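Notes for the one structure printed next.
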Amino acid sequence: MPQLLDGLNPEQLAAVTLPHQSALILAGAGSGKTRVLTTRIAWLLQTAQTSPLGILAVTFTNKAAKEMQTRLGAMLPINTRGMWIGTFHGLANRLLRTHHHEAGLPQVFQILDSADQLSAIKRLLKSMNVDTDKFEPKKVQNFINNNKDAGLRAQHVESYDPYMRRLVEFYAAYDEQCNREGVVDFAELLLRSEELLARSDAIRRHYQQRFRYILVDEFQDTNRLQYRWLKHFAGMDSALMAVGDDDQSIYAFRGAHTGNMNEFQRDYAHDNIIKLEQNYRSHGNILDAANALISKNPTRLGKNLWTSADAGEPIRVYLAYNDQEEARFIAEEAQALHREGIALNDIAVLYRSNAQSRVLEHALFSAGVPYKVYGGLRFFERQEVKHALAYLRLLAFPDDDGAFTRVVNFPTRGIGARTLEQLIDAAQQSSSSLWKTAYAKYADAPAGKGLAGFVHLIRAMQEATLGVTLPEAIEHILQASGLMAHYVAEKDGQDRVDNLNELINAATVFINDADAIANAEDNGGLMASFLAHAALEAGTHQAGEGHDALQLMTVHAAKGLEFHAVFLTGLEEGLFPSEQSMSERDGLEEERRLMYVAITRARRRLYISHAQSRMLHGQTRYGIASRFLDEIPVELLKPINKGYAPAVEQYATPAPRTAKQHSSSPWRMGMNVRHAKFGVGVVINVEGQGTDTRVQINFGGAHGVKWLSLEYAKLEAA
């Protein structure tokens, strides 16, 4: 027993040896919560307070469940196989397998993954003769899953207009189809098992009597349905331990409900809260910055991280002229850290949006720094970017059959597999490319759906992109192809939309590169040269497993990880915190929690960088420093270049230059101007000079006020 409890601090020891009662364990970042959870289970078993059959332990990932089982196996000589340890969905599946008859399922029911579910929905809509242009299968899938995650069956969903009523009809018909075929989708596992426990007193009592101890990891990430599911297992003699950190609740977009922690405190813990505040990861300055920042959130339960280690180094702040300079600085500094003996694997670059990785990847590629995108793909390997590049390839090289087959039916335009097979056979017989074969057959046919529509679309793109700049050509292709609209309509499509916009930025940077322009003629023109550049960067494979490589990732992906040195990039208003969060209820609080997570990933050294300007939609956007920098005490920050001064004034919006300073500019405040995309507007501000001149225009309506760079905007007097 002493060996099991060795090295625990007083709060950890109190949590591990808690008597038979419910409690909320408020576990700060780096406070050893995984050790507390596993040691708690081991202590309960070793002191014979329960058997493995009496424990229910819920984690959020299969990886966490396996880690818990491995640690328990090393701690205890007894067999823990009978213990229920797993994710919510994994345990729900186990429950339904055991009680399949009561749940109305066949003994060997099948689970549909996301792709299988989408196929089932398409089959359903076809059988109902539904117009899939109006009711896209992906949207129907999102509607069904969102309501299941909220614990709502079709009959409980409010239908406030005809469109919503149709969606509810599809949901009900889909449920009937799944029941008839004996299959369940992923969201159904939890909902059906919760419904089973709610209606069956006998089954519910059985598990309440069995599970005397219920432990839940990452409780701050639970949604309302998951909490309801847990409560069914809690009987009069059950002791529940919820371990979580409300300061690290960053998954509201997935339905996580931070209010569950307050409800658990009221329902079970009854003010029995143990705070794990001693941090074993970071030096003092990093923790002080995190504490100061998160203290601005008014609704938190409250805790203060501390460490027995020293204060360590100050947080380095770098102000770059633009995002490219920011990326170059990070590449050079990472190389310097590596020369000092720090493994590249122990250095992470974090960003708020996936699209930010493109500039960083280019800088690391150019500097020869091995890197790996953690939990994701490199920029030019991402699905949406490859689709866009395939359209470009088809315009530049019409005989590229690979590009043709990739986009001929994406976004979907009613071209079936049989039609493509016939086209491929015809192309092989005539020893011609797919494009030439399709063009010969459909060039004079009326435009419509199918291959004829695709041929007319590509021809129209070819004509529209003649004589325009590369960024303008890409922007047109993204809109005309339907790629942008397709990803805008996706439930979680914002990242993909950002990546498509970042492709425009990449093209803008490319055409401003003197070497790229010089080499364009030798490579068949600017578009061909840009495609070769993209292929070169995409073709350099990520560092494999076991190879030392810098880690690139979003802040969301970094949760649960730690590194010797962390670069936290893009600390600008509208980027971090995100622009979307400004208009969402509690959005800014969640962004602050995300910043807290980012800061607490660093053990020894933390860099925070931001840029005065950044490319957005192919145009330069001038930003101001994030409010989160203001919320970190100045004495914890160390500016490392002359462009930065740690004072509140630094974060104020720079005053625009007066019109008098731009007497050479043809644009004046009050002028009416016309833009190809945004229409007619009024100039309300002008700043900069020469190629750096930009104007602020009020377009009214949906487009509102926008800053445009005159170098790329192509404005006309109206």
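Residues are named by chain letter and number: chains run A, B, ... in the order of the structure tokens, numbers start at 1 in each chain, and ligands are numbered from 1 in the order shown.
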
Could you make a table, as a tab-separated table, of the residues of range 413-526 of chain A that have an atom within 12 Å of an atom of range 128-136 of chain A, each with its nearest atom pair and distance in Å to one decimal, counting only C-alpha atoms, in chain and number order?
residue	atom	partner	partner_atom	distance
A:Arg413	CA	A:Asp133	CA	9.5
A:Gly414	CA	A:Thr132	CA	10.2
A:Lys449	CA	A:Asp133	CA	11.7
A:His486	CA	A:Glu136	CA	9.8
A:Ala489	CA	A:Glu136	CA	9.1
A:Glu490	CA	A:Glu136	CA	9.9
A:Lys491	CA	A:Glu136	CA	11.9

Polymer residues at most 9 Å from Leu483 in chain A, only C-alpha atoms, same-chain spacing of 2 or more positions, as a PDB file with N, CA, C and O atoms, in the first residue's frame:
ATOM      1  N   GLU A 384      -9.532  19.359 -49.769  1.00  0.00           N
ATOM      2  CA  GLU A 384     -10.116  20.499 -50.466  1.00  0.00           C
ATOM      3  C   GLU A 384      -9.097  21.221 -51.332  1.00  0.00           C
ATOM      4  O   GLU A 384      -9.413  21.727 -52.421  1.00  0.00           O
ATOM      5  N   HIS A 387      -8.486  19.129 -54.446  1.00  0.00           N
ATOM      6  CA  HIS A 387      -9.600  19.312 -55.389  1.00  0.00           C
ATOM      7  C   HIS A 387      -9.404  20.603 -56.188  1.00  0.00           C
ATOM      8  O   HIS A 387      -9.566  20.612 -57.420  1.00  0.00           O
ATOM      9  N   ALA A 388      -9.083  21.691 -55.499  1.00  0.00           N
ATOM     10  CA  ALA A 388      -8.896  22.979 -56.171  1.00  0.00           C
ATOM     11  C   ALA A 388      -7.729  22.911 -57.157  1.00  0.00           C
ATOM     12  O   ALA A 388      -7.815  23.415 -58.288  1.00  0.00           O
ATOM     13  N   PHE A 410     -17.123  16.118 -58.588  1.00  0.00           N
ATOM     14  CA  PHE A 410     -16.980  16.741 -57.269  1.00  0.00           C
ATOM     15  C   PHE A 410     -16.856  18.252 -57.424  1.00  0.00           C
ATOM     16  O   PHE A 410     -15.928  18.724 -58.090  1.00  0.00           O
ATOM     17  N   PRO A 411     -17.783  19.015 -56.835  1.00  0.00           N
ATOM     18  CA  PRO A 411     -18.979  18.551 -56.131  1.00  0.00           C
ATOM     19  C   PRO A 411     -19.886  17.753 -57.072  1.00  0.00           C
ATOM     20  O   PRO A 411     -19.839  17.921 -58.281  1.00  0.00           O
ATOM     21  N   ILE A 477     -12.319  30.016 -59.900  1.00  0.00           N
ATOM     22  CA  ILE A 477     -12.477  28.561 -59.990  1.00  0.00           C
ATOM     23  C   ILE A 477     -13.164  28.018 -58.730  1.00  0.00           C
ATOM     24  O   ILE A 477     -14.034  27.145 -58.812  1.00  0.00           O
ATOM     25  N   LEU A 478     -12.763  28.533 -57.581  1.00  0.00           N
ATOM     26  CA  LEU A 478     -13.362  28.062 -56.324  1.00  0.00           C
ATOM     27  C   LEU A 478     -14.857  28.341 -56.277  1.00  0.00           C
ATOM     28  O   LEU A 478     -15.634  27.532 -55.759  1.00  0.00           O
ATOM     29  N   GLN A 479     -15.258  29.483 -56.834  1.00  0.00           N
ATOM     30  CA  GLN A 479     -16.677  29.831 -56.828  1.00  0.00           C
ATOM     31  C   GLN A 479     -17.434  29.098 -57.933  1.00  0.00           C
ATOM     32  O   GLN A 479     -18.480  28.478 -57.693  1.00  0.00           O
ATOM     33  N   ALA A 480     -16.902  29.139 -59.162  1.00  0.00           N
ATOM     34  CA  ALA A 480     -17.611  28.579 -60.306  1.00  0.00           C
ATOM     35  C   ALA A 480     -17.742  27.061 -60.223  1.00  0.00           C
ATOM     36  O   ALA A 480     -18.748  26.487 -60.646  1.00  0.00           O
ATOM     37  N   SER A 481     -16.739  26.402 -59.675  1.00  0.00           N
ATOM     38  CA  SER A 481     -16.763  24.938 -59.569  1.00  0.00           C
ATOM     39  C   SER A 481     -17.769  24.454 -58.538  1.00  0.00           C
ATOM     40  O   SER A 481     -18.188  23.288 -58.570  1.00  0.00           O
ATOM     41  N   ALA A 485     -18.937  26.681 -52.186  1.00  0.00           N
ATOM     42  CA  ALA A 485     -20.312  26.502 -51.684  1.00  0.00           C
ATOM     43  C   ALA A 485     -20.481  25.138 -51.029  1.00  0.00           C
ATOM     44  O   ALA A 485     -21.174  25.009 -50.010  1.00  0.00           O
ATOM     45  N   HIS A 486     -19.826  24.119 -51.579  1.00  0.00           N
ATOM     46  CA  HIS A 486     -19.920  22.761 -51.021  1.00  0.00           C
ATOM     47  C   HIS A 486     -19.402  22.726 -49.595  1.00  0.00           C
ATOM     48  O   HIS A 486     -20.049  22.166 -48.704  1.00  0.00           O
ATOM     49  N   TYR A 487     -18.245  23.335 -49.355  1.00  0.00           N
ATOM     50  CA  TYR A 487     -17.652  23.272 -48.016  1.00  0.00           C
ATOM     51  C   TYR A 487     -18.296  24.259 -47.044  1.00  0.00           C
ATOM     52  O   TYR A 487     -18.328  24.015 -45.845  1.00  0.00           O
ATOM     53  N   VAL A 488     -18.832  25.362 -47.566  1.00  0.00           N
ATOM     54  CA  VAL A 488     -19.580  26.287 -46.710  1.00  0.00           C
ATOM     55  C   VAL A 488     -20.792  25.580 -46.117  1.00  0.00           C
ATOM     56  O   VAL A 488     -21.166  25.805 -44.964  1.00  0.00           O
ATOM     57  N   VAL A 497     -12.958  25.763 -45.787  1.00  0.00           N
ATOM     58  CA  VAL A 497     -13.138  27.064 -46.449  1.00  0.00           C
ATOM     59  C   VAL A 497     -11.911  27.943 -46.219  1.00  0.00           C
ATOM     60  O   VAL A 497     -11.402  28.590 -47.150  1.00  0.00           O
ATOM     61  N   LEU A 500      -9.117  26.844 -48.498  1.00  0.00           N
ATOM     62  CA  LEU A 500      -9.299  27.288 -49.881  1.00  0.00           C
ATOM     63  C   LEU A 500      -8.932  28.763 -50.032  1.00  0.00           C
ATOM     64  O   LEU A 500      -8.310  29.163 -51.017  1.00  0.00           O
TER      65      LEU A 500
END

| request: Point out the residue among A:Leu360, A:Leu377, A:Ile632, A:Asp400 with the least atom-to-atom distance to Glu325 in chain A, counting only C-alpha atoms. | output: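 The closest residue to Glu325 in chain A is A:Leu360.
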
| field | Expected answer as number ranges by chain: alpha helix (DSSP H) residues in range 330-460 of chain A | value | A: 330-339, 357-367, 383-396, 401-407, 417-429, 434-442, 450-460

| task | Could you tell me which of A:Ser366, A:Asn285, A:Gln356, A:Asn345 comes closest to Leu575 in chain A if we count only C-alpha atoms? | result |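 Smallest separation from Leu575 in chain A among the options: A:Gln356.
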
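Excluding range 206-208 of chain A and any residue on its chain fewer than 6 positions from it, the residues at most 7 Å away by only C-alpha atoms are A:Phe233, A:Ala234, A:Gly235.
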
Store the residues picked out above, limited to all heavy atoms, as a compact mmCIF listing (two decimals), in the first residue's frame.
# COMPACT_ATOMS: atom_id res chain seq x y z
N PHE A 233 -26.70 5.17 -14.23
CA PHE A 233 -25.89 4.16 -13.55
C PHE A 233 -25.72 4.45 -12.06
O PHE A 233 -25.26 3.60 -11.29
CB PHE A 233 -24.49 4.06 -14.18
CG PHE A 233 -24.49 3.43 -15.55
CD1 PHE A 233 -24.48 4.22 -16.69
CD2 PHE A 233 -24.51 2.06 -15.70
CE1 PHE A 233 -24.48 3.65 -17.95
CE2 PHE A 233 -24.51 1.47 -16.95
CZ PHE A 233 -24.49 2.28 -18.08
N ALA A 234 -26.04 5.66 -11.66
CA ALA A 234 -25.80 6.09 -10.28
C ALA A 234 -26.97 5.70 -9.39
O ALA A 234 -28.06 6.28 -9.47
CB ALA A 234 -25.57 7.60 -10.23
N GLY A 235 -26.74 4.73 -8.52
CA GLY A 235 -27.76 4.32 -7.57
C GLY A 235 -27.55 4.97 -6.22
O GLY A 235 -26.65 5.81 -6.04

May I have a table of the residues of range 312-333 of chain A lying at most 7 Å from range 602-626 of chain A, giving each one's closest pair of atoms and their distance in Å to one decimal, counting only C-alpha atoms, ordered by chain and ascending residue number, as JSON lines?
{"residue": "A:Gly312", "atom": "CA", "partner": "A:Arg604", "partner_atom": "CA", "distance": 6.9}
{"residue": "A:Glu313", "atom": "CA", "partner": "A:Arg605", "partner_atom": "CA", "distance": 6.6}
{"residue": "A:Ile315", "atom": "CA", "partner": "A:Leu606", "partner_atom": "CA", "distance": 5.3}
{"residue": "A:Arg316", "atom": "CA", "partner": "A:Tyr607", "partner_atom": "CA", "distance": 4.7}
{"residue": "A:Val317", "atom": "CA", "partner": "A:Ile608", "partner_atom": "CA", "distance": 4.9}
{"residue": "A:Tyr318", "atom": "CA", "partner": "A:Ser609", "partner_atom": "CA", "distance": 4.6}
{"residue": "A:Leu319", "atom": "CA", "partner": "A:His610", "partner_atom": "CA", "distance": 5.2}
{"residue": "A:Ala320", "atom": "CA", "partner": "A:Ala611", "partner_atom": "CA", "distance": 4.5}
{"residue": "A:Tyr321", "atom": "CA", "partner": "A:Gln612", "partner_atom": "CA", "distance": 5.2}
{"residue": "A:Asn322", "atom": "CA", "partner": "A:Ser613", "partner_atom": "CA", "distance": 4.6}
{"residue": "A:Asp323", "atom": "CA", "partner": "A:Arg614", "partner_atom": "CA", "distance": 5.2}
{"residue": "A:Glu326", "atom": "CA", "partner": "A:Ala611", "partner_atom": "CA", "distance": 6.7}

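Between CA of Gln141 in chain A and CA of Arg585 in chain A the interatomic distance comes to 25.7 Å.
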
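Backbone DSSP of range 22-224 of chain A yields strand (DSSP E) at A:Ala23, A:Leu24, A:Ile25, A:Leu26, A:Ala27, A:Ile55, A:Leu56, A:Ala57, A:Val58, A:Thr59, A:Trp84, A:Ile85, A:Gly86, A:Thr87, A:Gln110, A:Ile111, A:Leu112, A:Val183, A:Val184, A:Asp185, A:Tyr213, A:Ile214, A:Leu215, A:Val216.
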
| Gap from CA of Glu635 in chain A to CA of Leu337 in chain A - Å, one decimal | 23.8 Å

Within 10 Å of Glu195 in chain A, counting only C-alpha atoms, which residues show up once you throw out same-chain ones fewer than 5 positions away? Write them as a JSON list (two decimals) with all heavy atoms, in the first residue's frame, please.
[["chain", "number", "residue", "atom", "x", "y", "z"],
["A", 103, "ALA", "N", -33.33, -3.78, -26.40],
["A", 103, "ALA", "CA", -33.09, -2.54, -27.15],
["A", 103, "ALA", "C", -33.71, -2.58, -28.54],
["A", 103, "ALA", "O", -33.63, -1.60, -29.29],
["A", 103, "ALA", "CB", -31.58, -2.30, -27.27],
["A", 151, "GLY", "N", -30.07, 14.18, -27.89],
["A", 151, "GLY", "CA", -31.02, 13.29, -27.23],
["A", 151, "GLY", "C", -32.43, 13.39, -27.76],
["A", 151, "GLY", "O", -33.39, 13.06, -27.06],
["A", 190, "LEU", "N", -25.23, 5.79, -28.27],
["A", 190, "LEU", "CA", -25.43, 6.44, -26.98],
["A", 190, "LEU", "C", -26.91, 6.74, -26.73],
["A", 190, "LEU", "O", -27.42, 6.51, -25.63],
["A", 190, "LEU", "CB", -24.60, 7.73, -26.89],
["A", 190, "LEU", "CG", -24.41, 8.29, -25.49],
["A", 190, "LEU", "CD1", -23.59, 7.34, -24.63],
["A", 190, "LEU", "CD2", -23.72, 9.66, -25.55],
["A", 200, "SER", "N", -36.17, 0.88, -18.80],
["A", 200, "SER", "CA", -36.13, -0.45, -18.19],
["A", 200, "SER", "C", -35.66, -0.36, -16.73],
["A", 200, "SER", "O", -34.46, -0.23, -16.47],
["A", 200, "SER", "CB", -35.22, -1.38, -18.98],
["A", 200, "SER", "OG", -35.09, -2.62, -18.31],
["A", 228, "ARG", "N", -26.79, 12.55, -18.87],
["A", 228, "ARG", "CA", -28.02, 11.79, -18.59],
["A", 228, "ARG", "C", -27.72, 10.29, -18.57],
["A", 228, "ARG", "O", -28.22, 9.56, -17.71],
["A", 228, "ARG", "CB", -29.06, 12.09, -19.68],
["A", 228, "ARG", "CG", -29.98, 13.26, -19.35],
["A", 228, "ARG", "CD", -30.77, 13.76, -20.53],
["A", 228, "ARG", "NE", -31.31, 12.72, -21.39],
["A", 228, "ARG", "CZ", -31.82, 12.99, -22.60],
["A", 228, "ARG", "NH1", -31.83, 14.23, -23.05],
["A", 228, "ARG", "NH2", -32.30, 12.03, -23.34],
["A", 229, "TRP", "N", -26.91, 9.82, -19.49],
["A", 229, "TRP", "CA", -26.52, 8.41, -19.57],
["A", 229, "TRP", "C", -25.82, 7.98, -18.29],
["A", 229, "TRP", "O", -26.12, 6.94, -17.72],
["A", 229, "TRP", "CB", -25.63, 8.25, -20.80],
["A", 229, "TRP", "CG", -25.19, 6.85, -21.15],
["A", 229, "TRP", "CD1", -25.85, 5.95, -21.92],
["A", 229, "TRP", "CD2", -23.97, 6.21, -20.75],
["A", 229, "TRP", "NE1", -25.13, 4.79, -22.04],
["A", 229, "TRP", "CE2", -23.97, 4.92, -21.34],
["A", 229, "TRP", "CE3", -22.88, 6.60, -19.98],
["A", 229, "TRP", "CZ2", -22.90, 4.02, -21.16],
["A", 229, "TRP", "CZ3", -21.82, 5.71, -19.80],
["A", 229, "TRP", "CH2", -21.85, 4.43, -20.38],
["A", 232, "HIS", "N", -28.02, 7.43, -15.08],
["A", 232, "HIS", "CA", -28.79, 6.20, -14.98],
["A", 232, "HIS", "C", -28.02, 5.11, -14.22],
["A", 232, "HIS", "O", -28.63, 4.21, -13.64],
["A", 232, "HIS", "CB", -29.14, 5.68, -16.38],
["A", 232, "HIS", "CG", -30.16, 6.51, -17.09],
["A", 232, "HIS", "ND1", -31.35, 6.90, -16.52],
["A", 232, "HIS", "CD2", -30.16, 7.04, -18.35],
["A", 232, "HIS", "CE1", -32.05, 7.62, -17.38],
["A", 232, "HIS", "NE2", -31.35, 7.71, -18.49]]

| task | Write out as a PyMOL selection string the residues lying within 8 Å of range 107-118 of chain A, counting only C-alpha atoms and excluding same-chain residues fewer than 3 positions away. | result | chain A and resi 97+100-101+121-122+137-138+141+182-186
